[in-house]
Each structure stands twice: as structure tokens, then as C-alpha cells.
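Peer 1: Contents of my_file_8.txt (compact mmCIF, C-alpha atoms) are given next:
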# COMPACT_ATOMS: atom_id res chain seq x y z
CA MET A 1 -37.54 14.78 13.02
CA ILE A 2 -36.31 18.34 12.42
CA SER A 3 -35.01 20.16 9.34
CA ILE A 4 -31.77 22.16 9.25
CA GLU A 5 -33.77 25.36 8.80
CA GLU A 6 -35.86 24.59 11.89
CA LEU A 7 -32.72 23.68 13.85
CA LYS A 8 -31.12 27.01 13.02
CA SER A 9 -34.20 28.85 14.25
CA THR A 10 -34.21 27.16 17.67
CA LYS A 11 -33.14 29.04 20.77
CA GLN A 12 -31.44 26.33 22.82
CA PHE A 13 -28.42 27.94 24.47
CA ASP A 14 -26.97 25.09 26.49
CA SER A 15 -24.75 22.28 25.24
CA LYS A 16 -27.18 19.43 25.82
CA PRO A 17 -27.51 17.00 22.93
CA TYR A 18 -30.54 17.47 20.70
CA GLN A 19 -32.97 14.56 20.79
CA LYS A 20 -34.84 15.41 17.59
CA ALA A 21 -33.37 13.48 14.68
CA LEU A 22 -31.88 15.35 11.73
CA ARG A 23 -32.00 13.81 8.24
CA VAL A 24 -29.33 15.14 5.86
CA ASN A 25 -27.15 14.41 2.87
CA ILE A 26 -23.34 14.54 3.14
CA ILE A 27 -22.20 16.88 0.36
CA LYS A 28 -18.50 17.06 1.23
CA CYS A 29 -16.18 15.61 3.84
CA SER A 30 -12.73 16.97 4.75
CA ALA A 31 -9.56 15.09 5.55
CA LYS A 32 -8.79 14.33 9.20
CA THR A 33 -7.16 16.99 11.38
CA TYR A 34 -4.92 15.83 14.22
CA TYR A 35 -4.63 17.96 17.35
CA ARG A 36 -3.93 17.85 21.09
CA ASN A 37 -6.62 18.69 23.62
CA SER A 38 -6.14 20.57 26.90
CA LYS A 39 -4.99 17.31 28.52
CA GLN A 40 -2.30 16.92 25.84
CA GLU A 41 -4.08 13.88 24.42
CA ASN A 42 -3.84 13.17 20.68
CA LYS A 43 -7.27 13.62 19.08
CA VAL A 44 -8.84 13.65 15.62
CA LEU A 45 -11.58 15.76 14.08
CA TYR A 46 -12.92 16.37 10.59
CA HIS A 47 -15.53 18.57 8.97
CA MET A 48 -18.55 17.92 6.77
CA ALA A 49 -20.86 20.03 4.63
CA LEU A 50 -24.42 18.79 5.15
CA ALA A 51 -27.69 19.72 3.45
CA ASP A 52 -31.37 18.87 3.35
CA GLU A 53 -34.27 20.24 1.30
CA THR A 54 -34.30 23.48 3.32
CA THR A 55 -30.69 24.69 3.64
CA THR A 56 -27.09 23.76 4.55
CA ILE A 57 -24.96 23.43 7.67
CA LYS A 58 -21.34 22.82 8.63
CA ALA A 59 -20.63 19.86 10.92
CA THR A 60 -17.54 19.00 12.94
CA CYS A 61 -17.14 15.36 13.96
CA TYR A 62 -14.96 14.33 16.90
CA ASN A 63 -15.71 10.62 16.53
CA GLU A 64 -13.05 9.10 14.27
CA ASP A 65 -15.01 5.82 14.13
CA TYR A 66 -17.56 7.51 11.88
CA TYR A 67 -15.02 8.69 9.29
CA MET A 68 -15.34 5.86 6.78
CA GLN A 69 -19.13 5.97 7.00
CA THR A 70 -19.43 9.72 6.61
CA ARG A 71 -16.80 10.43 3.96
CA GLU A 72 -19.10 9.06 1.25
CA GLN A 73 -22.00 11.11 -0.09
CA ASN A 74 -24.62 9.17 1.86
CA GLY A 75 -27.89 10.13 3.44
CA LEU A 76 -27.70 10.17 7.23
CA LEU A 77 -30.03 10.21 10.21
CA ILE A 78 -28.29 11.98 13.11
CA ARG A 79 -29.30 11.94 16.79
CA ASN A 80 -27.78 13.21 20.03
CA TYR A 81 -25.81 15.99 18.33
CA ILE A 82 -24.89 19.40 19.69
CA PHE A 83 -25.73 22.62 17.86
CA LYS A 84 -23.47 25.51 18.81
CA ASN A 85 -22.48 28.72 16.99
CA ASP A 86 -24.35 27.55 13.87
CA ILE A 87 -22.20 24.40 13.68
CA LEU A 88 -23.38 20.83 14.20
CA LEU A 89 -21.07 18.98 16.62
CA LEU A 90 -20.89 15.17 16.43
CA THR A 91 -19.33 13.57 19.50
CA LYS A 92 -18.86 10.09 20.95
CA GLN A 93 -22.48 10.23 22.14
CA THR A 94 -23.87 11.10 18.70
CA LYS A 95 -25.74 8.33 16.89
CA ILE A 96 -25.80 8.11 13.09
CA ALA A 97 -27.60 5.76 10.71
CA ARG A 98 -27.36 5.52 6.96
CA MET A 99 -30.50 6.40 4.96
CA PRO A 100 -31.38 6.86 1.29
CA PRO A 101 -30.20 10.30 0.15
CA LEU A 102 -32.66 13.18 -0.05
CA THR A 103 -33.54 14.96 -3.28
CA ILE A 104 -31.91 18.36 -2.92
CA SER A 105 -31.88 21.31 -5.33
CA ALA A 106 -28.72 22.18 -7.26
CA GLY A 107 -28.61 25.61 -5.59
CA ILE A 108 -28.48 24.16 -2.09
CA ILE A 109 -25.83 21.63 -3.12
CA GLN A 110 -23.70 24.43 -4.58
CA GLU A 111 -24.09 26.42 -1.38
CA ALA A 112 -23.01 23.40 0.68
CA GLU A 113 -19.95 22.81 -1.48
CA CYS A 114 -18.68 26.27 -0.55
CA ILE A 115 -18.81 25.52 3.19
CA LEU A 116 -15.61 23.47 3.19
CA GLN A 117 -14.07 24.94 0.04
CA PRO A 118 -14.86 28.65 -0.21
CA PRO A 119 -14.37 30.37 -3.60
CA ALA A 120 -10.72 30.98 -4.36
CA PRO A 121 -9.39 34.55 -4.37
CA PRO A 122 -8.61 35.82 -7.90
CA VAL A 123 -5.10 35.06 -9.11
CA SER A 124 -2.76 37.95 -8.22
CA PRO A 125 0.68 38.76 -9.64
CA ILE A 126 3.41 37.58 -7.32
CA LYS A 127 4.55 41.16 -6.69
CA ALA A 128 1.27 41.65 -4.77
CA VAL A 129 2.64 39.40 -1.98
CA ARG A 130 5.17 42.04 -0.92
CA GLY A 131 2.50 44.64 -0.24
CA ALA A 132 -0.12 42.32 1.25
CA ALA A 133 -0.88 42.24 4.95
CA VAL A 134 0.00 39.12 6.95
CA LYS A 135 -2.83 36.54 6.90
CA THR A 136 -4.21 37.91 3.60
CA LEU A 137 -5.44 35.07 1.36
CA LEU A 138 -4.12 35.10 -2.21
CA SER A 139 -4.07 32.85 -5.26
CA VAL A 140 -0.90 32.94 -7.37
CA SER A 141 0.60 31.18 -10.35
CA GLY A 142 4.14 30.83 -11.63
CA THR A 143 7.01 28.63 -12.69
CA ILE A 144 8.65 26.39 -10.08
CA THR A 145 12.30 27.43 -9.91
CA GLU A 146 13.38 25.76 -6.64
CA ALA A 147 12.10 22.82 -4.61
CA GLU A 148 13.48 21.50 -1.32
CA ASP A 149 12.97 18.01 0.06
CA THR A 150 10.11 17.33 2.47
CA LYS A 151 11.11 17.37 6.14
CA ASN A 152 9.37 16.86 9.48
CA ILE A 153 9.27 19.56 12.14
CA LEU A 154 7.55 19.72 15.53
CA VAL A 155 4.40 21.85 15.62
CA GLY A 156 2.50 21.83 18.90
CA GLY A 157 4.41 18.72 19.94
CA GLN A 158 3.48 16.80 16.77
CA GLU A 159 5.66 15.90 13.80
CA THR A 160 4.41 17.90 10.81
CA LYS A 161 5.51 17.65 7.17
CA ILE A 162 6.73 20.79 5.40
CA ARG A 163 8.33 21.48 2.05
CA SER A 164 9.52 24.76 0.55
CA ILE A 165 9.34 25.73 -3.11
CA THR A 166 9.95 28.96 -5.00
CA ILE A 167 7.88 30.14 -7.97
CA ASN A 168 8.21 33.19 -10.18
CA ASP A 169 6.13 35.01 -12.76
CA ALA A 170 6.83 38.09 -14.87
CA THR A 171 6.58 40.36 -11.82
CA ASP A 172 8.53 38.71 -8.99
CA SER A 173 9.33 35.48 -7.17
CA VAL A 174 8.07 34.13 -3.84
CA LYS A 175 8.95 31.33 -1.45
CA ILE A 176 6.06 29.01 -0.59
CA SER A 177 5.77 26.64 2.37
CA LEU A 178 3.73 23.53 1.60
CA TRP A 179 2.30 22.05 4.81
CA ARG A 180 1.05 18.58 5.67
CA ASP A 181 -0.83 16.89 2.79
CA ALA A 182 0.27 19.64 0.37
CA THR A 183 3.79 18.18 0.54
CA ASP A 184 2.49 15.10 -1.32
CA PHE A 185 1.97 17.12 -4.50
CA THR A 186 4.47 16.03 -7.17
CA ILE A 187 6.86 18.94 -7.74
CA GLU A 188 8.85 19.31 -10.95
CA ILE A 189 11.25 22.18 -11.59
CA GLY A 190 10.06 24.16 -14.61
CA GLU A 191 6.37 23.31 -14.25
CA TYR A 192 3.83 26.13 -14.20
CA VAL A 193 1.49 25.81 -11.21
CA GLN A 194 -1.48 27.64 -9.78
CA LEU A 195 -1.99 27.72 -6.00
CA THR A 196 -5.18 28.97 -4.33
CA HIS A 197 -6.12 30.03 -0.79
CA MET A 198 -2.53 30.87 0.15
CA ALA A 199 -1.91 32.83 3.37
CA VAL A 200 0.66 35.64 3.47
CA HIS A 201 3.23 35.13 6.24
CA GLU A 202 6.38 36.96 7.25
CA PHE A 203 9.52 34.99 8.07
CA ASN A 204 12.90 36.58 8.81
CA GLY A 205 11.63 39.87 7.41
CA GLU A 206 10.54 38.30 4.11
CA LYS A 207 6.97 37.88 2.87
CA ILE A 208 6.24 34.25 1.99
CA LEU A 209 3.12 32.18 1.34
CA ASN A 210 1.78 29.23 3.37
CA THR A 211 -0.73 26.66 2.24
CA THR A 212 -3.98 26.50 4.23
CA ARG A 213 -6.50 23.70 4.64
CA HIS A 214 -8.39 25.10 1.65
CA SER A 215 -5.36 25.36 -0.65
CA THR A 216 -5.32 23.65 -4.04
CA ILE A 217 -2.32 23.09 -6.29
CA GLN A 218 -2.52 22.22 -9.97
CA VAL A 219 -0.23 22.24 -13.00
CA ILE A 220 -1.68 24.51 -15.69
CA GLN A 221 -0.73 25.74 -19.14
CA PRO A 222 1.56 28.76 -18.75
CA PRO A 223 0.11 31.97 -20.20
CA LYS A 224 1.95 34.31 -22.53
CA GLU A 225 2.21 37.76 -20.95
CA ASN A 226 3.07 41.05 -22.64
CA ILE A 227 5.55 42.84 -20.35
CA THR A 228 8.11 45.62 -20.59
CA VAL A 229 11.67 44.79 -19.58
CA THR A 230 15.01 46.55 -19.63
CA LEU A 231 17.93 44.27 -20.49
CA PHE A 232 21.06 45.38 -18.61
CA GLY A 233 23.64 42.64 -18.84
CA MET A 234 24.46 39.06 -19.72
CA GLU A 235 24.99 36.50 -16.96
CA LYS A 236 25.24 33.25 -18.94
CA THR A 237 24.76 32.37 -22.57
CA TYR A 238 24.01 29.03 -24.20
CA GLN A 239 23.26 27.93 -27.73
CA GLU A 240 19.48 28.47 -27.60
CA GLN A 241 18.89 30.81 -24.66
CA SER A 242 20.69 33.13 -22.27
CA THR A 243 20.24 34.39 -18.74
CA MET A 244 20.21 38.18 -18.48
CA VAL A 245 19.92 40.77 -15.72
CA VAL A 246 16.65 42.63 -16.28
CA GLN A 247 14.34 45.19 -14.71
CA ILE A 248 10.61 44.57 -15.17
CA GLU A 249 8.51 47.70 -15.82
CA ASN A 250 8.28 49.73 -12.58
CA ASN A 251 9.93 47.13 -10.34
CA GLU A 252 13.06 48.73 -8.86
CA ASN A 253 14.73 45.37 -8.21
CA LEU A 254 16.92 43.76 -10.83
CA GLN A 255 16.50 40.04 -11.41
CA SER A 256 17.77 37.20 -13.56
CA MET A 257 15.59 36.11 -16.47
CA ASP A 258 16.03 33.65 -19.34
CA ILE A 259 15.55 34.81 -22.91
CA HIS A 260 15.47 32.89 -26.20
CA ASN A 261 18.48 33.95 -28.28
CA THR A 262 17.06 33.73 -31.80
CA PRO A 263 14.15 36.24 -31.43
CA LEU A 264 16.52 38.75 -29.77
CA MET A 265 19.18 38.31 -32.45
CA ASP A 266 16.60 38.64 -35.23
CA TYR A 267 15.19 41.83 -33.73
CA LEU A 268 18.61 43.45 -33.23
CA GLY A 269 19.95 42.27 -36.60
CA ILE A 270 22.68 40.09 -35.11
CA GLU A 271 23.63 37.24 -37.44
CA THR A 272 22.34 33.93 -36.07
CA ASP A 273 25.66 32.22 -36.88
CA THR A 274 27.61 34.75 -34.81
CA GLU A 275 30.06 32.83 -32.67
CA ASP A 276 30.41 35.52 -29.98
CA PHE A 277 26.78 36.47 -29.30
CA GLU A 278 27.66 38.03 -25.94
CA ASN A 279 30.08 40.61 -27.40
CA ALA A 280 27.75 41.28 -30.35
CA LEU A 281 24.97 42.14 -27.89
CA MET A 282 26.98 44.59 -25.75
CA PRO A 283 26.56 47.70 -27.99
CA PHE A 284 22.75 47.43 -27.67
CA LEU A 285 22.66 47.35 -23.84
CA PRO A 286 20.86 48.59 -21.89
CA ILE A 287 17.70 48.33 -23.99
CA THR A 288 14.02 48.51 -23.03
CA LEU A 289 11.71 46.17 -24.92
CA SER A 290 8.09 45.08 -25.05
CA VAL A 291 8.29 41.28 -24.97
CA LEU A 292 6.24 38.12 -24.55
CA PHE A 293 7.01 36.23 -21.34
CA CYS A 294 5.99 32.59 -20.85
CA ASN A 295 6.89 30.07 -18.13
CA GLY A 296 9.88 31.96 -16.77
CA CYS A 297 11.37 32.95 -20.14
CA ILE A 298 11.19 35.78 -22.68
CA THR A 299 10.06 34.03 -25.86
CA ASP A 300 9.41 36.86 -28.36
CA ILE A 301 10.39 40.50 -28.94
CA ILE A 302 7.55 42.86 -29.92
CA ARG A 303 9.23 46.27 -30.14
CA GLU A 304 11.70 48.65 -28.51
CA ILE A 305 10.27 51.13 -26.01
What's the C-alpha cells form of this structure?
Peer 2:
Amino acid sequence: MISIEELKSTKQFDSKPYQKALRVNIIKCSAKTYYRNSKQENKVLYHMALADETTTIKATCYNEDYYMQTREQNGLLIRNYIFKNDILLLTKQTKIARMPPLTISAGIIQEAECILQPPAPPVSPIKAVRGAAVKTLLSVSGTITEAEDTKNILVGGQETKIRSITINDATDSVKISLWRDATDFTIEIGEYVQLTHMAVHEFNGEKILNTTRHSTIQVIQPPKENITVTLFGMEKTYQEQSTMVVQIENNENLQSMDIHNTPLMDYLGIETDTEDFENALMPFLPITLSVLFCNGCITDIIREI
């Protein structure tokens, strides 16, 4: 029997299977990844975060038959494994047996949990996507404004699911490609979502975001943000809110943004029973205001700038 710490200190440089058994706990197990090998054969692999009393290790398993047994947080005894580049490789020749789980410290468990799900980058404003380098990892949040249907495309000869959505916040909007299992997330126009571990990509000259295998998506409560906007013109007006052309702070691009009518009318002294709100607003435009922005809409007026 050998511990993970002892295994990591060994100097075996070939790819022969290790004979010394390794006793570990499974802390996390990933979903399956489908790929084609050099012979163009369809294969499956998945990853695990393992730990014992001494430390942690990442494992990659190429034996799909073990998936149901290893996806649970069991104790395992592993033999005939390969240790290469600090990763434990489980192949068709690897033998596993279930054992009672070890007693492992909370610190080691926390370290193992980060192997398959590294800490998420801090949430950035969407405008940061435009200046970010390709392959940069970002977390963003915003209101879903567009959502396309899921479709299948060929990637490396395999059918792969993809779905495109667009989100915006007070600073900008961005198109997001949801890949594979991420397409299963229930998308509702108008919901406020937070997405983590998103990779910056460039497509047709436009910066977009792609989900990665570490990405998470969740619906969260939209925050209220204090922003400065210049209102230039009216696009559409309804009974309770309007869509206006605005410029946000130092952003040179004009964009469309919804605004609640009543707070704007109250601030400007326009009678709330005015039948022609659009014409009543014209003498005040353009106007720069400090406002509260929430879930894609200006909800309150603070003061004129």
C-alpha cells in the first residue's frame, strides 16, 4: 500500500502500471467526455478528484465500465494504475475495489474539490469582454435578452449541441455560446443569470463568450446599480415603460435601454396623466442623469448630472 504523498515523491519515469495499491476517497467525479482517438475510434474518459490522509490527486479514467462505481463518494482501493505528469491514469488494466471511506481533514477535502472545479474568476462587467484577450476566463452576469434554439453541429466528426444567448448589463451586451450539457439549462428571456469560467473567443471579428467544462450557470437576484446615462431619444413608448437611445458613462456606443416612465416623469415634472408623453419629453433631451439600473431597465432617477 502507498499513500498519494509517497506516490508523488516516486521517480518512476516509464509508463508501466504501479503494483502498489493506493487507497483513496473519491471527492468529486466529472461528467463523461466523448472523444476520438488517433484511430478515429469513439472513446470516453472522465476525471476524478481523489484524496487520502496525506494529500490530493487528479485522476483520469479511460474505463467507462467504472463510471457508475466511481461517481459516488466511495472509498477505493486502486491497483495497476499509471502515474504520469502528476495525474493518476486508470485504464482497462486498472483494478478497483470499493472500501470504507477514509477519515480526511476538511482542508484536504477543500483542496480536492478545487481540482475539478477551480475557483471562479470574479464577476466582471460585460464591457470587459471587448478588451480581454482570447482564451481569457471571465465570470459575467446580466439579463437574458435573446435566446436561440439548441442545434447540433459537427465538431471533430461528432454531433455537438450548441445554443446561443445574449445577455446585457449596465455596461454592454455580449453573445454567449452554450456548449454540450450547458444547453440543457432552462433559458427564460428576462431572467438575470450569472455565468462563471467563461472563455473569451472571437468570431467574425466580434468578441463572444464560450462555456467551458468548468462553467456554471445560475439564475440570481438582479442587483441595483448606480450608473450615469445620457438620454438622447425615444424609440418606443408604452404605458408603464419606454425604450430610449442612451449612452452609458464613458461608453462611446449608443444603445437601447428600457426606462420606467413614472420616475422619469416625476423627476422632470411631467404630469403623469399626460397623453403625449413622447412630445412632452422632447424639450428635456438630451439629458444626463444618475440613475438606478436593475435587470435591463432604469428603475429610478437620482439626479441630473
Peer 1: Env of A:Gln255: 9 Å cut, atoms = only C-alpha atoms, seq-sep filter 5 positions within chain, self excluded. Answer as a ChimeraX atom specification.
Peer 2: /A:172,244-248
Peer 1: Would you mind exporting C-alpha atoms of the selected residues as a JSON list (two decimals), in the frame of the given file?
Peer 2:
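Output contents, as saved in part_25.json:
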[["chain", "number", "residue", "atom", "x", "y", "z"],
["A", 172, "ASP", "CA", 8.53, 38.71, -8.99],
["A", 244, "MET", "CA", 20.21, 38.18, -18.48],
["A", 245, "VAL", "CA", 19.92, 40.77, -15.72],
["A", 246, "VAL", "CA", 16.65, 42.63, -16.28],
["A", 247, "GLN", "CA", 14.34, 45.19, -14.71],
["A", 248, "ILE", "CA", 10.61, 44.57, -15.17]]
Peer 1: Env of stretch 148-153 of chain A: 12 Å cut, atoms = all atoms listed in the file, seq-sep filter 3 positions within chain, self excluded. Answer as number ranges by chain.
Peer 2: A: 144-145, 156-166, 175-189
Peer 1: Just the residues within 7 Å of A:Val193, please, counting only C-alpha atoms, with nothing from its chain fewer than 5 positions along; format it as a PyMOL selection string.
Peer 2: chain A and resi 141-143+217-220
Peer 1: With distances taken over only C-alpha atoms, which of A:Ile27, A:Met257, A:Ile2, A:Ala132 is nearest to A:Ala170?
Peer 2: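 The closest residue to A:Ala170 is A:Met257.
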Peer 1: Could you state the separation of atom CA of A:Ala59 and atom CA of A:Leu90 in Å, given to one decimal place?
Peer 2: 7.2 Å
Peer 1: Give me the residues near A:Phe203 as a PDB file with C-alpha atoms, keeping the file's coordinate frame, where near means some atom within 12 Å (using only C-alpha atoms) and where sequence neighbours in that chain fewer than 2 positions away do not count.
Peer 2:
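The file below, result-v2.pdb, is the result:
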ATOM      1  CA  VAL A 134       0.000  39.120   6.950  1.00  0.00           C
ATOM      2  CA  LYS A 175       8.950  31.330  -1.450  1.00  0.00           C
ATOM      3  CA  ILE A 176       6.060  29.010  -0.590  1.00  0.00           C
ATOM      4  CA  SER A 177       5.770  26.640   2.370  1.00  0.00           C
ATOM      5  CA  VAL A 200       0.660  35.640   3.470  1.00  0.00           C
ATOM      6  CA  HIS A 201       3.230  35.130   6.240  1.00  0.00           C
ATOM      7  CA  GLY A 205      11.630  39.870   7.410  1.00  0.00           C
ATOM      8  CA  GLU A 206      10.540  38.300   4.110  1.00  0.00           C
ATOM      9  CA  LYS A 207       6.970  37.880   2.870  1.00  0.00           C
ATOM     10  CA  ILE A 208       6.240  34.250   1.990  1.00  0.00           C
ATOM     11  CA  LEU A 209       3.120  32.180   1.340  1.00  0.00           C
ATOM     12  CA  ASN A 210       1.780  29.230   3.370  1.00  0.00           C
TER      13      ASN A 210
END
Peer 1: For A:Ile227, which of A:Ile109, A:Leu289, A:Ala31, A:Ala199 is the closest residue, counting all atoms listed in the file?
Peer 2: A:Leu289
Peer 1: If we count all atoms listed in the file and set the cut-off at 9 Å, which residues sit around A:Gln221, ignoring sequence neighbours fewer than 5 positions away in its own chain? Please answer as number ranges by chain.
Peer 2: A: 191-193, 295
Peer 1: Can you work out which one of A:Gln69, A:Ser173, A:Thr299, A:Thr216 has the shortest atom-to-atom distance to A:Glu240, counting only C-alpha atoms?
Peer 2: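 Once distances to A:Glu240 are computed over only C-alpha atoms, the minimum belongs to A:Thr299.
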Peer 1: Mind giving me the straight-line distance from atom CA of A:Leu285 to atom CA of A:Thr171 in Å, one decimal?
Peer 2: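 Separation between atom CA of A:Leu285 and atom CA of A:Thr171: 21.3 Å.
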Peer 1: Choose the residue, out of A:Met99, A:Ile4, A:Asn204, A:Glu225, that has the smallest atom-to-atom separation from A:Asp86; count all atoms listed in the file.
Peer 2: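 Closest to A:Asp86, using all atoms listed in the file: A:Ile4.
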Peer 1: Which residues of stretch 82-130 of chain A have any atom within 9 Å of an atom in stretch 73-78 of chain A when counting all atoms listed in the file, and what is the closest pair of atoms for each, with the distance in Å to one decimal? Order the rows by chain and rising number and write it as JSON lines.
Peer 2:
{"residue": "A:Leu90", "atom": "CA", "partner": "A:Ile78", "partner_atom": "CA", "distance": 8.7}
{"residue": "A:Thr94", "atom": "CA", "partner": "A:Ile78", "partner_atom": "CA", "distance": 7.2}
{"residue": "A:Lys95", "atom": "CA", "partner": "A:Ile78", "partner_atom": "CA", "distance": 5.8}
{"residue": "A:Ile96", "atom": "CA", "partner": "A:Ile78", "partner_atom": "CA", "distance": 4.6}
{"residue": "A:Ala97", "atom": "CA", "partner": "A:Leu77", "partner_atom": "CA", "distance": 5.1}
{"residue": "A:Arg98", "atom": "CA", "partner": "A:Leu76", "partner_atom": "CA", "distance": 4.7}
{"residue": "A:Met99", "atom": "CA", "partner": "A:Gly75", "partner_atom": "CA", "distance": 4.8}
{"residue": "A:Pro100", "atom": "CA", "partner": "A:Gly75", "partner_atom": "CA", "distance": 5.2}
{"residue": "A:Pro101", "atom": "CA", "partner": "A:Gly75", "partner_atom": "CA", "distance": 4.0}
{"residue": "A:Leu102", "atom": "CA", "partner": "A:Gly75", "partner_atom": "CA", "distance": 6.7}
Peer 1: Got time to write the residues from that selection, C-alpha atoms, as a compact mmCIF listing (two decimals), keeping the file's coordinate frame?
Peer 2:
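Everything below was put into out.txt:
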# COMPACT_ATOMS: atom_id res chain seq x y z
CA LEU A 90 -20.89 15.17 16.43
CA THR A 94 -23.87 11.10 18.70
CA LYS A 95 -25.74 8.33 16.89
CA ILE A 96 -25.80 8.11 13.09
CA ALA A 97 -27.60 5.76 10.71
CA ARG A 98 -27.36 5.52 6.96
CA MET A 99 -30.50 6.40 4.96
CA PRO A 100 -31.38 6.86 1.29
CA PRO A 101 -30.20 10.30 0.15
CA LEU A 102 -32.66 13.18 -0.05
Peer 1: Between atom CA of A:Lys58 and atom CA of A:Pro17, what is the distance, to one decimal in Å?
Peer 2: 16.6 Å
Peer 1: Taking only C-alpha atoms into account, which of A:Lys28, A:Lys92, A:Arg303, A:Lys84 comes nearest A:Val44?
Peer 2: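 Between A:Lys28, A:Lys92, A:Arg303, A:Lys84, the residue approaching A:Val44 most closely is A:Lys92.
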Peer 1: Could you write stretch 288-296 of chain A as a tab-separated table (two decimals), keeping the file's coordinate frame, with all heavy atoms rebuilt where they are missing?
Peer 2:
chain	number	residue	atom	x	y	z
A	288	THR	N	15.35	48.77	-23.59
A	288	THR	CA	14.02	48.51	-23.03
A	288	THR	C	13.11	48.01	-24.14
A	288	THR	O	12.99	48.65	-25.20
A	288	THR	CB	13.42	49.78	-22.41
A	288	THR	OG1	14.30	50.25	-21.37
A	288	THR	CG2	12.05	49.50	-21.81
A	289	LEU	N	12.50	46.85	-23.89
A	289	LEU	CA	11.71	46.17	-24.92
A	289	LEU	C	10.34	45.77	-24.41
A	289	LEU	O	10.18	45.45	-23.22
A	289	LEU	CB	12.45	44.91	-25.40
A	289	LEU	CG	13.83	45.08	-26.01
A	289	LEU	CD1	14.51	43.71	-26.15
A	289	LEU	CD2	13.75	45.76	-27.36
A	290	SER	N	9.38	45.75	-25.30
A	290	SER	CA	8.09	45.08	-25.05
A	290	SER	C	8.25	43.65	-25.54
A	290	SER	O	8.61	43.43	-26.71
A	290	SER	CB	6.97	45.79	-25.80
A	290	SER	OG	5.75	45.08	-25.66
A	291	VAL	N	8.01	42.68	-24.64
A	291	VAL	CA	8.29	41.28	-24.97
A	291	VAL	C	7.12	40.39	-24.55
A	291	VAL	O	6.23	40.81	-23.81
A	291	VAL	CB	9.58	40.79	-24.25
A	291	VAL	CG1	10.77	41.63	-24.65
A	291	VAL	CG2	9.38	40.80	-22.73
A	292	LEU	N	7.15	39.15	-25.03
A	292	LEU	CA	6.24	38.12	-24.55
A	292	LEU	C	7.00	37.23	-23.58
A	292	LEU	O	8.10	36.76	-23.87
A	292	LEU	CB	5.70	37.29	-25.71
A	292	LEU	CG	4.69	37.97	-26.63
A	292	LEU	CD1	4.21	37.00	-27.71
A	292	LEU	CD2	3.50	38.53	-25.84
A	293	PHE	N	6.40	37.02	-22.40
A	293	PHE	CA	7.01	36.23	-21.34
A	293	PHE	C	6.15	35.01	-21.09
A	293	PHE	O	4.93	35.11	-20.95
A	293	PHE	CB	7.10	37.08	-20.07
A	293	PHE	CG	7.66	36.39	-18.87
A	293	PHE	CD1	9.02	36.36	-18.64
A	293	PHE	CD2	6.82	35.76	-17.95
A	293	PHE	CE1	9.54	35.73	-17.51
A	293	PHE	CE2	7.33	35.14	-16.83
A	293	PHE	CZ	8.68	35.11	-16.61
A	294	CYS	N	6.76	33.83	-21.06
A	294	CYS	CA	5.99	32.59	-20.85
A	294	CYS	C	6.83	31.60	-20.05
A	294	CYS	O	7.96	31.28	-20.44
A	294	CYS	CB	5.58	31.98	-22.19
A	294	CYS	SG	4.58	30.48	-22.05
A	295	ASN	N	6.27	31.13	-18.93
A	295	ASN	CA	6.89	30.07	-18.13
A	295	ASN	C	8.34	30.38	-17.78
A	295	ASN	O	9.23	29.56	-17.94
A	295	ASN	CB	6.79	28.72	-18.84
A	295	ASN	CG	6.88	27.55	-17.89
A	295	ASN	OD1	6.64	27.68	-16.69
A	295	ASN	ND2	7.23	26.39	-18.41
A	296	GLY	N	8.56	31.60	-17.27
A	296	GLY	CA	9.88	31.96	-16.77
A	296	GLY	C	10.87	32.42	-17.81
A	296	GLY	O	12.04	32.60	-17.49
